[in-house]
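K.L.:
First the structure, then my questions, so here it is.
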Amino acid sequence: MSNDSLRGPVLLTGAAGFIGSHAACALLSRGIEVVGIDNFDPFYPRGIKEANLQAVHAAGGRFTFVEGDICDGPLVSSLLNDHRVAAVIHLAAKAGVRPSIVDPPGYARANVLGTSVVLDAAHRAGCERVVVASSSSVYGNAPVAPFHEEMDVDAPISPYAATKRACELICRTHHHLTRQPVACLRFFTVYGPRQRPDLAISAFMRKIAAGETLQVFGDGSTSRDYTFVTDIVAGILASLERIPAHGYRVWNLGNSSPVTLSAMIEAIEGVVGRKAVVERMAMQPGDVERTWADLARSTRELGYLPATPFVEGLEAQWRAMSRAMSRA
Ligand SMILES: NC(=O)c1ccc[n+]([C@@H]2O[C@H](COP(=O)([O-])OP(=O)(O)OC[C@H]3O[C@@H](n4cnc5c(N)ncnc54)[C@H](O)[C@@H]3O)[C@@H](O)[C@H]2O)c1
């Protein structure tokens, strides 16, 4: 993706978040102007998101940031119009499976209403294209793996997953009515520097380093298709470039190389250089057994090819965490 292919800046929602801050850096490094919005949702500390934004500012380039809520239609519209935005990358959401079970209405508001507001504003402002973050969680406990985009996704098992599936349907309807190109990207457990603190790799690295006990849910045989954030960002940029040729399209962005929970802990022990102390707990409601991306469509249509081996990605995350902890 280069700035030649876009008529103007990109509005990036969730710019202060984990993936958002990496997407911002990648766009800026390609000479693309970025307008970021984020409301510093209290799901994890504001200080972490402010540090993410510092990393974006340090990348150089034209970056404007506004603190605000994507459910605020007039605000989103004024950002789109005032900056003559050409495209939207919509990553803002309440993320996390387990907390969504405690607060379904909060997830529905931020994710479903928020996406609806962003799409409507993007259409009214005449944006060329929209890319929206979905999730591998829409596959639920699908009986067949790897998961491909045409599979039945009518049985999500958490409110978070249901909101992401609802967003995909809203995007499809929006495209049908407006012809505005919309891509929905199913990210598979993303990790790497600046990973959200609630996610397992980040939490386990911190706990193993501190000698604290890890609470491990299930017998360790569940698996996730961990995908390094740089690979995800490459997929986001490719979809932004190519969505006009497709209209509405769902693409998996994963690694197609699932790792069991036990193997993940062992790999982190190797990277951190310390053994984990583990307390086994029952499987949690809402957690799926496994995720595993079929990448045939995204490779064929986006040229998407994840390139980061798991241990290399863990090492990069651990280096970044160690630097952040030594600054704190
Ligand atoms: N990290 C993963 O493994 C993963 C996997 C699948 C899908 N996703 C999706 O990718 C996107 C980014 O995830 P992330 O891991 O970077 O999460 P994140 O929580 O770090 O980033 C999301 C950002 O959105 C902001 N936000 C939430 N509600 C908002 C609102 N109403 N208005 C404005 N900003 C709001 C938050 O403050 C946060 O900074 C999300 O849509 C998430 O559902 C992430």
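Residues are named by chain letter and number: chains run A, B, ... in the order of the structure tokens, numbers start at 1 in each chain, and ligands are numbered from 1 in the order shown.
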Fewer than 6 positions away in the same chain doesn't count, so skip those; otherwise give me all residues within 9 Å of A:Thr308, counting only C-alpha atoms, as a short mmCIF file (atom, residue, chain, number, x, y, z; two decimals) with N, CA, C and O atoms, in the first residue's frame.
P.N.:
data_model
loop_
_atom_site.label_atom_id
_atom_site.label_comp_id
_atom_site.auth_asym_id
_atom_site.auth_seq_id
_atom_site.Cartn_x
_atom_site.Cartn_y
_atom_site.Cartn_z
N THR A 227 -0.52 -15.14 15.74
CA THR A 227 -0.08 -14.43 14.54
C THR A 227 0.64 -13.15 14.94
O THR A 227 0.10 -12.34 15.72
N PHE A 228 1.83 -12.97 14.41
CA PHE A 228 2.66 -11.83 14.81
C PHE A 228 2.07 -10.54 14.23
O PHE A 228 1.61 -10.50 13.08
N THR A 230 3.18 -7.78 13.04
CA THR A 230 3.68 -7.23 11.78
C THR A 230 3.03 -7.94 10.59
O THR A 230 2.75 -7.32 9.55
N ASP A 231 2.81 -9.24 10.73
CA ASP A 231 2.13 -9.99 9.67
C ASP A 231 0.68 -9.52 9.53
O ASP A 231 0.16 -9.35 8.42
N ASN A 255 -1.92 -17.46 11.06
CA ASN A 255 -0.56 -17.97 10.82
C ASN A 255 -0.59 -19.39 10.26
O ASN A 255 0.41 -19.90 9.79
#
K.L.:
Please identify every residue of chain A that has at least one atom no farther than 7 Å from an atom of ligand 1, counting only C-alpha atoms and all ligand atoms, and for each give the shortest atom pair and the distance in Å to one decimal, arranged by chain then increasing number, as a Markdown table.
P.N.:
| residue | atom | partner | partner_atom_place_in_ligand_line | distance |
| --- | --- | --- | --- | --- |
| A:Thr13 | CA | ligand 1 | 34 (N) | 6.2 |
| A:Gly14 | CA | ligand 1 | 24 (O) | 3.6 |
| A:Ala15 | CA | ligand 1 | 39 (O) | 6.3 |
| A:Ala16 | CA | ligand 1 | 39 (O) | 4.5 |
| A:Gly17 | CA | ligand 1 | 20 (O) | 3.4 |
| A:Phe18 | CA | ligand 1 | 16 (O) | 3.7 |
| A:Ile19 | CA | ligand 1 | 16 (O) | 3.8 |
| A:Gly20 | CA | ligand 1 | 16 (O) | 5.5 |
| A:Ile37 | CA | ligand 1 | 33 (C) | 6.1 |
| A:Asp38 | CA | ligand 1 | 34 (N) | 3.6 |
| A:Asn39 | CA | ligand 1 | 33 (C) | 4.1 |
| A:Phe40 | CA | ligand 1 | 37 (O) | 3.7 |
| A:Asp41 | CA | ligand 1 | 37 (O) | 3.8 |
| A:Pro42 | CA | ligand 1 | 37 (O) | 6.9 |
| A:Lys49 | CA | ligand 1 | 39 (O) | 6.2 |
| A:Gly68 | CA | ligand 1 | 33 (C) | 5.7 |
| A:Asp69 | CA | ligand 1 | 32 (N) | 3.5 |
| A:Ile70 | CA | ligand 1 | 32 (N) | 4.0 |
| A:Cys71 | CA | ligand 1 | 31 (N) | 5.8 |
| A:Leu91 | CA | ligand 1 | 41 (O) | 4.3 |
| A:Ala92 | CA | ligand 1 | 24 (O) | 3.4 |
| A:Ala93 | CA | ligand 1 | 27 (C) | 4.1 |
| A:Lys94 | CA | ligand 1 | 27 (C) | 4.8 |
| A:Ala95 | CA | ligand 1 | 43 (O) | 4.4 |
| A:Ala110 | CA | ligand 1 | 31 (N) | 4.5 |
| A:Gly114 | CA | ligand 1 | 31 (N) | 6.2 |
| A:Ala133 | CA | ligand 1 | 41 (O) | 4.8 |
| A:Ser134 | CA | ligand 1 | 7 (C) | 5.4 |
| A:Ser135 | CA | ligand 1 | 6 (C) | 3.9 |
| A:Ser136 | CA | ligand 1 | 6 (C) | 6.0 |
| A:Arg186 | CA | ligand 1 | 6 (C) | 6.4 |
| A:Phe187 | CA | ligand 1 | 6 (C) | 4.3 |
| A:Phe188 | CA | ligand 1 | 5 (C) | 5.2 |
| A:Thr189 | CA | ligand 1 | 3 (O) | 3.5 |
| A:Val190 | CA | ligand 1 | 3 (O) | 3.7 |
| A:Tyr191 | CA | ligand 1 | 3 (O) | 6.5 |
| A:Gln195 | CA | ligand 1 | 15 (O) | 6.8 |
| A:Arg196 | CA | ligand 1 | 20 (O) | 5.3 |
K.L.:
Take the residues from that selection and put them in a file with N, CA, C and O atoms, as a compact mmCIF listing (two decimals), in the first residue's frame.
P.N.:
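Output (result.txt):
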# COMPACT_ATOMS: atom_id res chain seq x y z
N THR A 13 -9.47 4.00 13.63
CA THR A 13 -10.13 3.94 14.94
C THR A 13 -9.39 2.93 15.81
O THR A 13 -8.85 1.94 15.31
N GLY A 14 -9.34 3.21 17.11
CA GLY A 14 -8.58 2.34 18.01
C GLY A 14 -7.08 2.55 17.87
O GLY A 14 -6.29 1.65 18.13
N ALA A 15 -6.70 3.79 17.49
CA ALA A 15 -5.30 4.08 17.16
C ALA A 15 -4.36 3.93 18.36
O ALA A 15 -3.16 3.72 18.18
N ALA A 16 -4.92 4.06 19.58
CA ALA A 16 -4.06 3.97 20.77
C ALA A 16 -3.91 2.53 21.25
O ALA A 16 -3.20 2.26 22.22
N GLY A 17 -4.56 1.61 20.57
CA GLY A 17 -4.53 0.21 21.01
C GLY A 17 -3.32 -0.53 20.48
O GLY A 17 -2.44 0.05 19.84
N PHE A 18 -3.28 -1.80 20.77
CA PHE A 18 -2.16 -2.66 20.38
C PHE A 18 -2.00 -2.70 18.85
O PHE A 18 -1.00 -2.21 18.29
N ILE A 19 -2.97 -3.23 18.15
CA ILE A 19 -2.84 -3.38 16.69
C ILE A 19 -2.91 -2.01 16.03
O ILE A 19 -2.18 -1.73 15.08
N GLY A 20 -3.78 -1.13 16.57
CA GLY A 20 -3.95 0.20 15.99
C GLY A 20 -2.64 0.97 15.96
O GLY A 20 -2.31 1.63 14.96
N ILE A 37 -8.40 8.00 16.19
CA ILE A 37 -9.39 8.27 17.24
C ILE A 37 -9.38 7.09 18.21
O ILE A 37 -9.25 5.93 17.79
N ASP A 38 -9.51 7.40 19.49
CA ASP A 38 -9.56 6.35 20.52
C ASP A 38 -10.15 7.00 21.77
O ASP A 38 -9.86 8.16 22.05
N ASN A 39 -10.96 6.24 22.51
CA ASN A 39 -11.56 6.83 23.72
C ASN A 39 -10.87 6.34 25.00
O ASN A 39 -11.39 6.56 26.09
N PHE A 40 -9.72 5.68 24.86
CA PHE A 40 -9.00 5.15 26.03
C PHE A 40 -9.95 4.33 26.91
O PHE A 40 -10.04 4.54 28.11
N ASP A 41 -10.65 3.42 26.28
CA ASP A 41 -11.55 2.52 27.01
C ASP A 41 -10.79 1.94 28.20
O ASP A 41 -9.65 1.49 28.06
N PRO A 42 -11.42 1.92 29.40
CA PRO A 42 -10.67 1.52 30.60
C PRO A 42 -10.38 0.02 30.73
O PRO A 42 -9.90 -0.43 31.78
N LYS A 49 -1.79 2.86 26.73
CA LYS A 49 -2.24 3.38 25.42
C LYS A 49 -1.52 4.69 25.09
O LYS A 49 -1.21 4.95 23.92
N GLY A 68 -11.83 10.40 21.57
CA GLY A 68 -13.28 10.46 21.38
C GLY A 68 -13.86 9.08 21.14
O GLY A 68 -13.13 8.10 20.94
N ASP A 69 -15.18 9.03 21.17
CA ASP A 69 -15.92 7.77 21.11
C ASP A 69 -16.45 7.56 19.68
O ASP A 69 -17.07 8.47 19.13
N ILE A 70 -16.23 6.38 19.14
CA ILE A 70 -16.72 6.11 17.78
C ILE A 70 -18.24 6.07 17.70
O ILE A 70 -18.80 6.12 16.61
N CYS A 71 -18.91 5.98 18.84
CA CYS A 71 -20.39 6.02 18.82
C CYS A 71 -20.90 7.44 18.65
O CYS A 71 -22.11 7.64 18.49
N LEU A 91 -10.56 -0.35 13.81
CA LEU A 91 -10.08 -1.37 14.75
C LEU A 91 -10.64 -1.17 16.16
O LEU A 91 -10.48 -2.05 17.01
N ALA A 92 -11.25 0.00 16.43
CA ALA A 92 -11.74 0.27 17.79
C ALA A 92 -12.80 -0.76 18.16
O ALA A 92 -13.70 -1.04 17.37
N ALA A 93 -12.66 -1.31 19.34
CA ALA A 93 -13.66 -2.25 19.84
C ALA A 93 -13.35 -2.53 21.29
O ALA A 93 -12.25 -2.29 21.76
N LYS A 94 -14.36 -3.03 21.98
CA LYS A 94 -14.08 -3.67 23.25
C LYS A 94 -13.63 -5.08 22.89
O LYS A 94 -14.39 -5.83 22.27
N ALA A 95 -12.39 -5.41 23.22
CA ALA A 95 -11.84 -6.72 22.88
C ALA A 95 -11.88 -7.62 24.12
O ALA A 95 -12.12 -7.14 25.23
N ALA A 110 -20.19 -0.67 21.98
CA ALA A 110 -18.92 -0.25 21.36
C ALA A 110 -18.72 -0.94 20.01
O ALA A 110 -18.30 -0.30 19.04
N GLY A 114 -20.96 1.03 17.44
CA GLY A 114 -19.78 1.77 16.98
C GLY A 114 -19.48 1.50 15.51
O GLY A 114 -19.23 2.43 14.73
N ALA A 133 -12.03 -4.65 11.59
CA ALA A 133 -11.47 -5.80 12.33
C ALA A 133 -12.59 -6.73 12.76
O ALA A 133 -13.47 -6.33 13.52
N SER A 134 -12.54 -7.96 12.28
CA SER A 134 -13.39 -9.01 12.84
C SER A 134 -12.48 -9.91 13.68
O SER A 134 -11.42 -9.45 14.13
N SER A 135 -12.86 -11.16 13.85
CA SER A 135 -12.08 -12.01 14.74
C SER A 135 -12.27 -13.48 14.39
O SER A 135 -13.36 -13.89 13.96
N SER A 136 -11.24 -14.27 14.66
CA SER A 136 -11.36 -15.72 14.48
C SER A 136 -12.40 -16.29 15.44
O SER A 136 -12.88 -17.41 15.23
N ARG A 186 -10.64 -11.32 9.71
CA ARG A 186 -10.72 -12.20 10.88
C ARG A 186 -9.30 -12.43 11.41
O ARG A 186 -8.56 -13.26 10.86
N PHE A 187 -8.92 -11.64 12.42
CA PHE A 187 -7.59 -11.79 13.02
C PHE A 187 -7.57 -13.02 13.93
O PHE A 187 -8.51 -13.24 14.70
N PHE A 188 -6.46 -13.75 13.88
CA PHE A 188 -6.26 -14.91 14.75
C PHE A 188 -5.23 -14.50 15.81
O PHE A 188 -4.12 -14.05 15.46
N THR A 189 -5.56 -14.68 17.08
CA THR A 189 -4.76 -14.27 18.26
C THR A 189 -3.44 -13.58 17.92
O THR A 189 -2.45 -14.22 17.58
N VAL A 190 -3.48 -12.27 18.06
CA VAL A 190 -2.35 -11.45 17.63
C VAL A 190 -1.40 -11.24 18.82
O VAL A 190 -1.85 -11.01 19.94
N TYR A 191 -0.10 -11.34 18.55
CA TYR A 191 0.89 -11.12 19.63
C TYR A 191 2.04 -10.32 19.06
O TYR A 191 2.14 -10.09 17.85
N GLN A 195 1.54 -5.93 22.94
CA GLN A 195 0.33 -6.78 23.04
C GLN A 195 -0.49 -6.37 24.26
O GLN A 195 0.06 -6.03 25.31
N ARG A 196 -1.80 -6.45 24.14
CA ARG A 196 -2.69 -6.11 25.26
C ARG A 196 -2.29 -6.90 26.50
O ARG A 196 -2.01 -8.10 26.41
K.L.:
Neighbouring residues of stretch 220-224 of chain A were defined as those with any atom within 9 Å, considering only C-alpha atoms; residues of the same chain fewer than 5 positions away were excluded. Please report them as a list in words.
P.N.:
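Close residues of stretch 220-224 of chain A: Phe188, Thr189, Ser257, Pro258, Val259, Thr260, Leu261, Ser262, Ala263, Met264, Arg280, Val288, Glu289, Arg290, Thr291 and Trp292 of chain A.
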K.L.:
Let me see the file: selected residues, N, CA, C and O atoms, as a PDB file, in the first residue's frame.
P.N.:
ATOM      1  N   PHE A 188      -6.464 -13.749  13.877  1.00  0.00           N
ATOM      2  CA  PHE A 188      -6.260 -14.906  14.751  1.00  0.00           C
ATOM      3  C   PHE A 188      -5.229 -14.499  15.811  1.00  0.00           C
ATOM      4  O   PHE A 188      -4.122 -14.054  15.461  1.00  0.00           O
ATOM      5  N   THR A 189      -5.562 -14.682  17.081  1.00  0.00           N
ATOM      6  CA  THR A 189      -4.764 -14.269  18.264  1.00  0.00           C
ATOM      7  C   THR A 189      -3.442 -13.579  17.919  1.00  0.00           C
ATOM      8  O   THR A 189      -2.449 -14.217  17.580  1.00  0.00           O
ATOM      9  N   SER A 257      -0.657 -22.142  11.805  1.00  0.00           N
ATOM     10  CA  SER A 257       0.305 -22.996  12.500  1.00  0.00           C
ATOM     11  C   SER A 257      -0.027 -22.995  13.996  1.00  0.00           C
ATOM     12  O   SER A 257       0.657 -22.355  14.791  1.00  0.00           O
ATOM     13  N   PRO A 258      -1.109 -23.716  14.363  1.00  0.00           N
ATOM     14  CA  PRO A 258      -1.589 -23.623  15.747  1.00  0.00           C
ATOM     15  C   PRO A 258      -0.574 -24.156  16.764  1.00  0.00           C
ATOM     16  O   PRO A 258       0.182 -25.091  16.465  1.00  0.00           O
ATOM     17  N   VAL A 259      -0.591 -23.548  17.933  1.00  0.00           N
ATOM     18  CA  VAL A 259       0.328 -23.919  19.023  1.00  0.00           C
ATOM     19  C   VAL A 259      -0.538 -24.258  20.242  1.00  0.00           C
ATOM     20  O   VAL A 259      -1.443 -23.483  20.588  1.00  0.00           O
ATOM     21  N   THR A 260      -0.256 -25.400  20.891  1.00  0.00           N
ATOM     22  CA  THR A 260      -1.072 -25.728  22.074  1.00  0.00           C
ATOM     23  C   THR A 260      -0.655 -24.814  23.226  1.00  0.00           C
ATOM     24  O   THR A 260       0.454 -24.257  23.245  1.00  0.00           O
ATOM     25  N   LEU A 261      -1.549 -24.728  24.195  1.00  0.00           N
ATOM     26  CA  LEU A 261      -1.284 -23.895  25.380  1.00  0.00           C
ATOM     27  C   LEU A 261      -0.022 -24.383  26.089  1.00  0.00           C
ATOM     28  O   LEU A 261       0.838 -23.578  26.492  1.00  0.00           O
ATOM     29  N   SER A 262       0.120 -25.712  26.211  1.00  0.00           N
ATOM     30  CA  SER A 262       1.325 -26.244  26.879  1.00  0.00           C
ATOM     31  C   SER A 262       2.580 -25.871  26.114  1.00  0.00           C
ATOM     32  O   SER A 262       3.583 -25.450  26.711  1.00  0.00           O
ATOM     33  N   ALA A 263       2.534 -25.985  24.776  1.00  0.00           N
ATOM     34  CA  ALA A 263       3.718 -25.649  23.968  1.00  0.00           C
ATOM     35  C   ALA A 263       4.009 -24.154  24.041  1.00  0.00           C
ATOM     36  O   ALA A 263       5.175 -23.731  24.033  1.00  0.00           O
ATOM     37  N   MET A 264       2.955 -23.352  24.133  1.00  0.00           N
ATOM     38  CA  MET A 264       3.156 -21.897  24.247  1.00  0.00           C
ATOM     39  C   MET A 264       3.880 -21.568  25.544  1.00  0.00           C
ATOM     40  O   MET A 264       4.836 -20.783  25.572  1.00  0.00           O
ATOM     41  N   ARG A 280      -3.584 -25.335  37.567  1.00  0.00           N
ATOM     42  CA  ARG A 280      -4.593 -25.730  36.565  1.00  0.00           C
ATOM     43  C   ARG A 280      -5.996 -25.348  37.028  1.00  0.00           C
ATOM     44  O   ARG A 280      -6.367 -25.569  38.174  1.00  0.00           O
ATOM     45  N   VAL A 288     -12.850 -20.937  23.146  1.00  0.00           N
ATOM     46  CA  VAL A 288     -12.968 -21.999  22.139  1.00  0.00           C
ATOM     47  C   VAL A 288     -11.823 -23.001  22.321  1.00  0.00           C
ATOM     48  O   VAL A 288     -10.822 -22.717  22.966  1.00  0.00           O
ATOM     49  N   GLU A 289     -12.017 -24.200  21.756  1.00  0.00           N
ATOM     50  CA  GLU A 289     -11.020 -25.273  21.888  1.00  0.00           C
ATOM     51  C   GLU A 289      -9.760 -24.966  21.087  1.00  0.00           C
ATOM     52  O   GLU A 289      -8.649 -25.242  21.516  1.00  0.00           O
ATOM     53  N   ARG A 290      -9.962 -24.435  19.886  1.00  0.00           N
ATOM     54  CA  ARG A 290      -8.804 -24.216  19.020  1.00  0.00           C
ATOM     55  C   ARG A 290      -9.143 -23.150  17.990  1.00  0.00           C
ATOM     56  O   ARG A 290     -10.310 -22.887  17.701  1.00  0.00           O
ATOM     57  N   THR A 291      -8.086 -22.547  17.444  1.00  0.00           N
ATOM     58  CA  THR A 291      -8.263 -21.710  16.253  1.00  0.00           C
ATOM     59  C   THR A 291      -7.162 -22.101  15.272  1.00  0.00           C
ATOM     60  O   THR A 291      -6.055 -22.494  15.685  1.00  0.00           O
ATOM     61  N   TRP A 292      -7.490 -22.008  13.994  1.00  0.00           N
ATOM     62  CA  TRP A 292      -6.540 -22.439  12.969  1.00  0.00           C
ATOM     63  C   TRP A 292      -7.030 -21.854  11.640  1.00  0.00           C
ATOM     64  O   TRP A 292      -8.109 -22.209  11.170  1.00  0.00           O
TER      65      TRP A 292
END
K.L.:
Which of these residues is nearest to A:Arg98, using only C-alpha atoms: A:Ala209, A:Leu6, A:Ile157, A:Ala296?
P.N.:
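Of A:Ala209, A:Leu6, A:Ile157, A:Ala296, the one nearest A:Arg98 is A:Ile157, counting only C-alpha atoms.
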K.L.:
Just give me the gap between atom CA of A:Leu80 and atom CA of A:Cys127 in Å, one decimal is fine.
P.N.:
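Atom CA of A:Cys127 lies at a distance of 8.1 Å from atom CA of A:Leu80.
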K.L.:
As a ChimeraX atom specification, please: every residue in stretch 130-269 of chain A that a backbone DSSP assignment puts in alpha helix (DSSP H).
P.N.:
/A:159-178,200-210,229-242,261-269
K.L.:
With N, CA and C atoms kept, could you save the residues just selected as a short mmCIF file (atom, residue, chain, number, x, y, z; two decimals), in the first residue's frame?
P.N.:
data_model
loop_
_atom_site.label_atom_id
_atom_site.label_comp_id
_atom_site.auth_asym_id
_atom_site.auth_seq_id
_atom_site.Cartn_x
_atom_site.Cartn_y
_atom_site.Cartn_z
N PRO A 159 -20.37 -13.35 23.90
CA PRO A 159 -20.94 -12.09 23.41
C PRO A 159 -19.95 -11.34 22.52
N TYR A 160 -18.66 -11.37 22.84
CA TYR A 160 -17.66 -10.70 21.99
C TYR A 160 -17.72 -11.26 20.56
N ALA A 161 -17.68 -12.58 20.45
CA ALA A 161 -17.71 -13.21 19.12
C ALA A 161 -19.00 -12.86 18.39
N ALA A 162 -20.11 -12.83 19.14
CA ALA A 162 -21.40 -12.50 18.51
C ALA A 162 -21.38 -11.06 17.99
N THR A 163 -20.74 -10.15 18.73
CA THR A 163 -20.69 -8.75 18.23
C THR A 163 -19.86 -8.69 16.96
N LYS A 164 -18.79 -9.47 16.90
CA LYS A 164 -17.93 -9.43 15.70
C LYS A 164 -18.67 -10.02 14.50
N ARG A 165 -19.42 -11.07 14.73
CA ARG A 165 -20.22 -11.65 13.63
C ARG A 165 -21.30 -10.65 13.19
N ALA A 166 -21.91 -9.99 14.18
CA ALA A 166 -22.92 -8.98 13.85
C ALA A 166 -22.29 -7.88 12.99
N CYS A 167 -21.07 -7.48 13.33
CA CYS A 167 -20.39 -6.43 12.55
C CYS A 167 -20.19 -6.89 11.10
N GLU A 168 -19.82 -8.15 10.92
CA GLU A 168 -19.63 -8.65 9.54
C GLU A 168 -20.93 -8.54 8.75
N LEU A 169 -22.04 -8.90 9.40
CA LEU A 169 -23.33 -8.85 8.69
C LEU A 169 -23.72 -7.41 8.39
N ILE A 170 -23.45 -6.52 9.34
CA ILE A 170 -23.76 -5.09 9.13
C ILE A 170 -22.90 -4.55 7.98
N CYS A 171 -21.65 -4.98 7.91
CA CYS A 171 -20.76 -4.55 6.82
C CYS A 171 -21.28 -5.04 5.48
N ARG A 172 -21.75 -6.28 5.47
CA ARG A 172 -22.25 -6.85 4.22
C ARG A 172 -23.47 -6.09 3.71
N THR A 173 -24.39 -5.83 4.64
CA THR A 173 -25.61 -5.08 4.28
C THR A 173 -25.24 -3.67 3.82
N HIS A 174 -24.31 -3.06 4.53
CA HIS A 174 -23.86 -1.71 4.19
C HIS A 174 -23.31 -1.69 2.76
N HIS A 175 -22.50 -2.67 2.43
CA HIS A 175 -21.95 -2.72 1.07
C HIS A 175 -23.06 -2.94 0.04
N HIS A 176 -24.00 -3.83 0.37
CA HIS A 176 -25.10 -4.12 -0.54
C HIS A 176 -25.88 -2.84 -0.87
N LEU A 177 -26.10 -2.01 0.14
CA LEU A 177 -26.92 -0.81 -0.06
C LEU A 177 -26.15 0.37 -0.63
N THR A 178 -24.86 0.45 -0.30
CA THR A 178 -24.10 1.68 -0.68
C THR A 178 -23.08 1.43 -1.77
N ALA A 200 -2.86 -13.80 26.81
CA ALA A 200 -2.11 -14.81 27.56
C ALA A 200 -0.59 -14.63 27.46
N ILE A 201 -0.08 -14.39 26.26
CA ILE A 201 1.39 -14.36 26.13
C ILE A 201 1.96 -13.23 26.98
N SER A 202 1.35 -12.06 26.87
CA SER A 202 1.81 -10.90 27.63
C SER A 202 1.70 -11.17 29.14
N ALA A 203 0.55 -11.68 29.57
CA ALA A 203 0.33 -11.94 31.00
C ALA A 203 1.30 -13.02 31.49
N PHE A 204 1.51 -14.07 30.69
CA PHE A 204 2.38 -15.16 31.13
C PHE A 204 3.83 -14.71 31.19
N MET A 205 4.27 -13.90 30.22
CA MET A 205 5.65 -13.42 30.26
C MET A 205 5.89 -12.63 31.56
N ARG A 206 4.94 -11.75 31.86
CA ARG A 206 5.09 -10.92 33.07
C ARG A 206 5.14 -11.79 34.31
N LYS A 207 4.24 -12.77 34.38
CA LYS A 207 4.15 -13.59 35.60
C LYS A 207 5.35 -14.53 35.73
N ILE A 208 5.77 -15.12 34.62
CA ILE A 208 6.92 -16.04 34.70
C ILE A 208 8.15 -15.26 35.14
N ALA A 209 8.34 -14.07 34.57
CA ALA A 209 9.51 -13.26 34.93
C ALA A 209 9.47 -12.89 36.41
N ALA A 210 8.27 -12.66 36.96
CA ALA A 210 8.14 -12.25 38.36
C ALA A 210 8.05 -13.44 39.30
N VAL A 229 2.15 -9.48 15.04
CA VAL A 229 1.44 -8.25 14.69
C VAL A 229 1.92 -7.64 13.37
N THR A 230 3.18 -7.78 13.04
CA THR A 230 3.68 -7.23 11.78
C THR A 230 3.03 -7.94 10.59
N ASP A 231 2.81 -9.24 10.73
CA ASP A 231 2.13 -9.99 9.67
C ASP A 231 0.68 -9.52 9.53
N ILE A 232 0.02 -9.31 10.67
CA ILE A 232 -1.37 -8.82 10.65
C ILE A 232 -1.43 -7.46 9.95
N VAL A 233 -0.49 -6.58 10.28
CA VAL A 233 -0.51 -5.24 9.69
C VAL A 233 -0.28 -5.32 8.18
N ALA A 234 0.58 -6.22 7.74
CA ALA A 234 0.78 -6.40 6.29
C ALA A 234 -0.54 -6.81 5.63
N GLY A 235 -1.30 -7.66 6.31
CA GLY A 235 -2.60 -8.08 5.78
C GLY A 235 -3.61 -6.94 5.76
N ILE A 236 -3.58 -6.09 6.79
CA ILE A 236 -4.49 -4.94 6.84
C ILE A 236 -4.20 -4.02 5.65
N LEU A 237 -2.92 -3.75 5.42
CA LEU A 237 -2.57 -2.83 4.32
C LEU A 237 -2.92 -3.44 2.96
N ALA A 238 -2.69 -4.73 2.82
CA ALA A 238 -3.02 -5.38 1.54
C ALA A 238 -4.53 -5.34 1.30
N SER A 239 -5.30 -5.53 2.36
CA SER A 239 -6.76 -5.52 2.17
C SER A 239 -7.25 -4.11 1.86
N LEU A 240 -6.61 -3.11 2.47
CA LEU A 240 -6.98 -1.72 2.17
C LEU A 240 -6.74 -1.42 0.69
N GLU A 241 -5.66 -1.94 0.18
CA GLU A 241 -5.32 -1.70 -1.23
C GLU A 241 -6.28 -2.45 -2.16
N ARG A 242 -6.62 -3.67 -1.79
CA ARG A 242 -7.32 -4.53 -2.76
C ARG A 242 -8.83 -4.60 -2.62
N LEU A 261 -1.55 -24.73 24.20
CA LEU A 261 -1.28 -23.90 25.38
C LEU A 261 -0.02 -24.38 26.09
N SER A 262 0.12 -25.71 26.21
CA SER A 262 1.33 -26.24 26.88
C SER A 262 2.58 -25.87 26.11
N ALA A 263 2.53 -25.99 24.78
CA ALA A 263 3.72 -25.65 23.97
C ALA A 263 4.01 -24.15 24.04
N MET A 264 2.95 -23.35 24.13
CA MET A 264 3.16 -21.90 24.25
C MET A 264 3.88 -21.57 25.54
N ILE A 265 3.45 -22.20 26.65
CA ILE A 265 4.10 -21.91 27.95
C ILE A 265 5.56 -22.36 27.91
N GLU A 266 5.80 -23.52 27.32
CA GLU A 266 7.18 -24.02 27.22
C GLU A 266 8.05 -23.06 26.40
N ALA A 267 7.50 -22.55 25.31
CA ALA A 267 8.26 -21.62 24.46
C ALA A 267 8.55 -20.32 25.22
N ILE A 268 7.58 -19.85 25.99
CA ILE A 268 7.81 -18.61 26.77
C ILE A 268 8.87 -18.87 27.84
N GLU A 269 8.83 -20.05 28.48
CA GLU A 269 9.85 -20.37 29.48
C GLU A 269 11.25 -20.26 28.85
#
K.L.:
Give me the residues within 8 Å of A:Glu149 as a VMD selection string, counting only C-alpha atoms and dropping any in the same chain fewer than 6 places off.
P.N.:
chain A and resid 250 to 252 294 297
K.L.:
Would you mind exporting N, CA, C and O atoms of the selected residues as a short mmCIF file (atom, residue, chain, number, x, y, z; two decimals), in the first residue's frame?
P.N.:
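Saved file out-v4.cif follows:
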data_model
loop_
_atom_site.label_atom_id
_atom_site.label_comp_id
_atom_site.auth_asym_id
_atom_site.auth_seq_id
_atom_site.Cartn_x
_atom_site.Cartn_y
_atom_site.Cartn_z
N VAL A 250 -14.55 -11.10 3.16
CA VAL A 250 -14.01 -11.53 4.46
C VAL A 250 -12.69 -12.22 4.19
O VAL A 250 -12.60 -13.07 3.28
N TRP A 251 -11.66 -11.87 4.94
CA TRP A 251 -10.38 -12.54 4.81
C TRP A 251 -9.87 -12.99 6.18
O TRP A 251 -9.92 -12.20 7.14
N ASN A 252 -9.36 -14.19 6.26
CA ASN A 252 -8.65 -14.66 7.45
C ASN A 252 -7.25 -14.07 7.46
O ASN A 252 -6.54 -14.12 6.43
N ASP A 294 -7.32 -21.13 7.73
CA ASP A 294 -7.05 -21.53 6.34
C ASP A 294 -6.71 -20.23 5.61
O ASP A 294 -7.52 -19.29 5.59
N ARG A 297 -7.49 -18.24 0.72
CA ARG A 297 -8.10 -17.05 0.09
C ARG A 297 -7.23 -15.81 0.31
O ARG A 297 -7.00 -15.04 -0.63
#
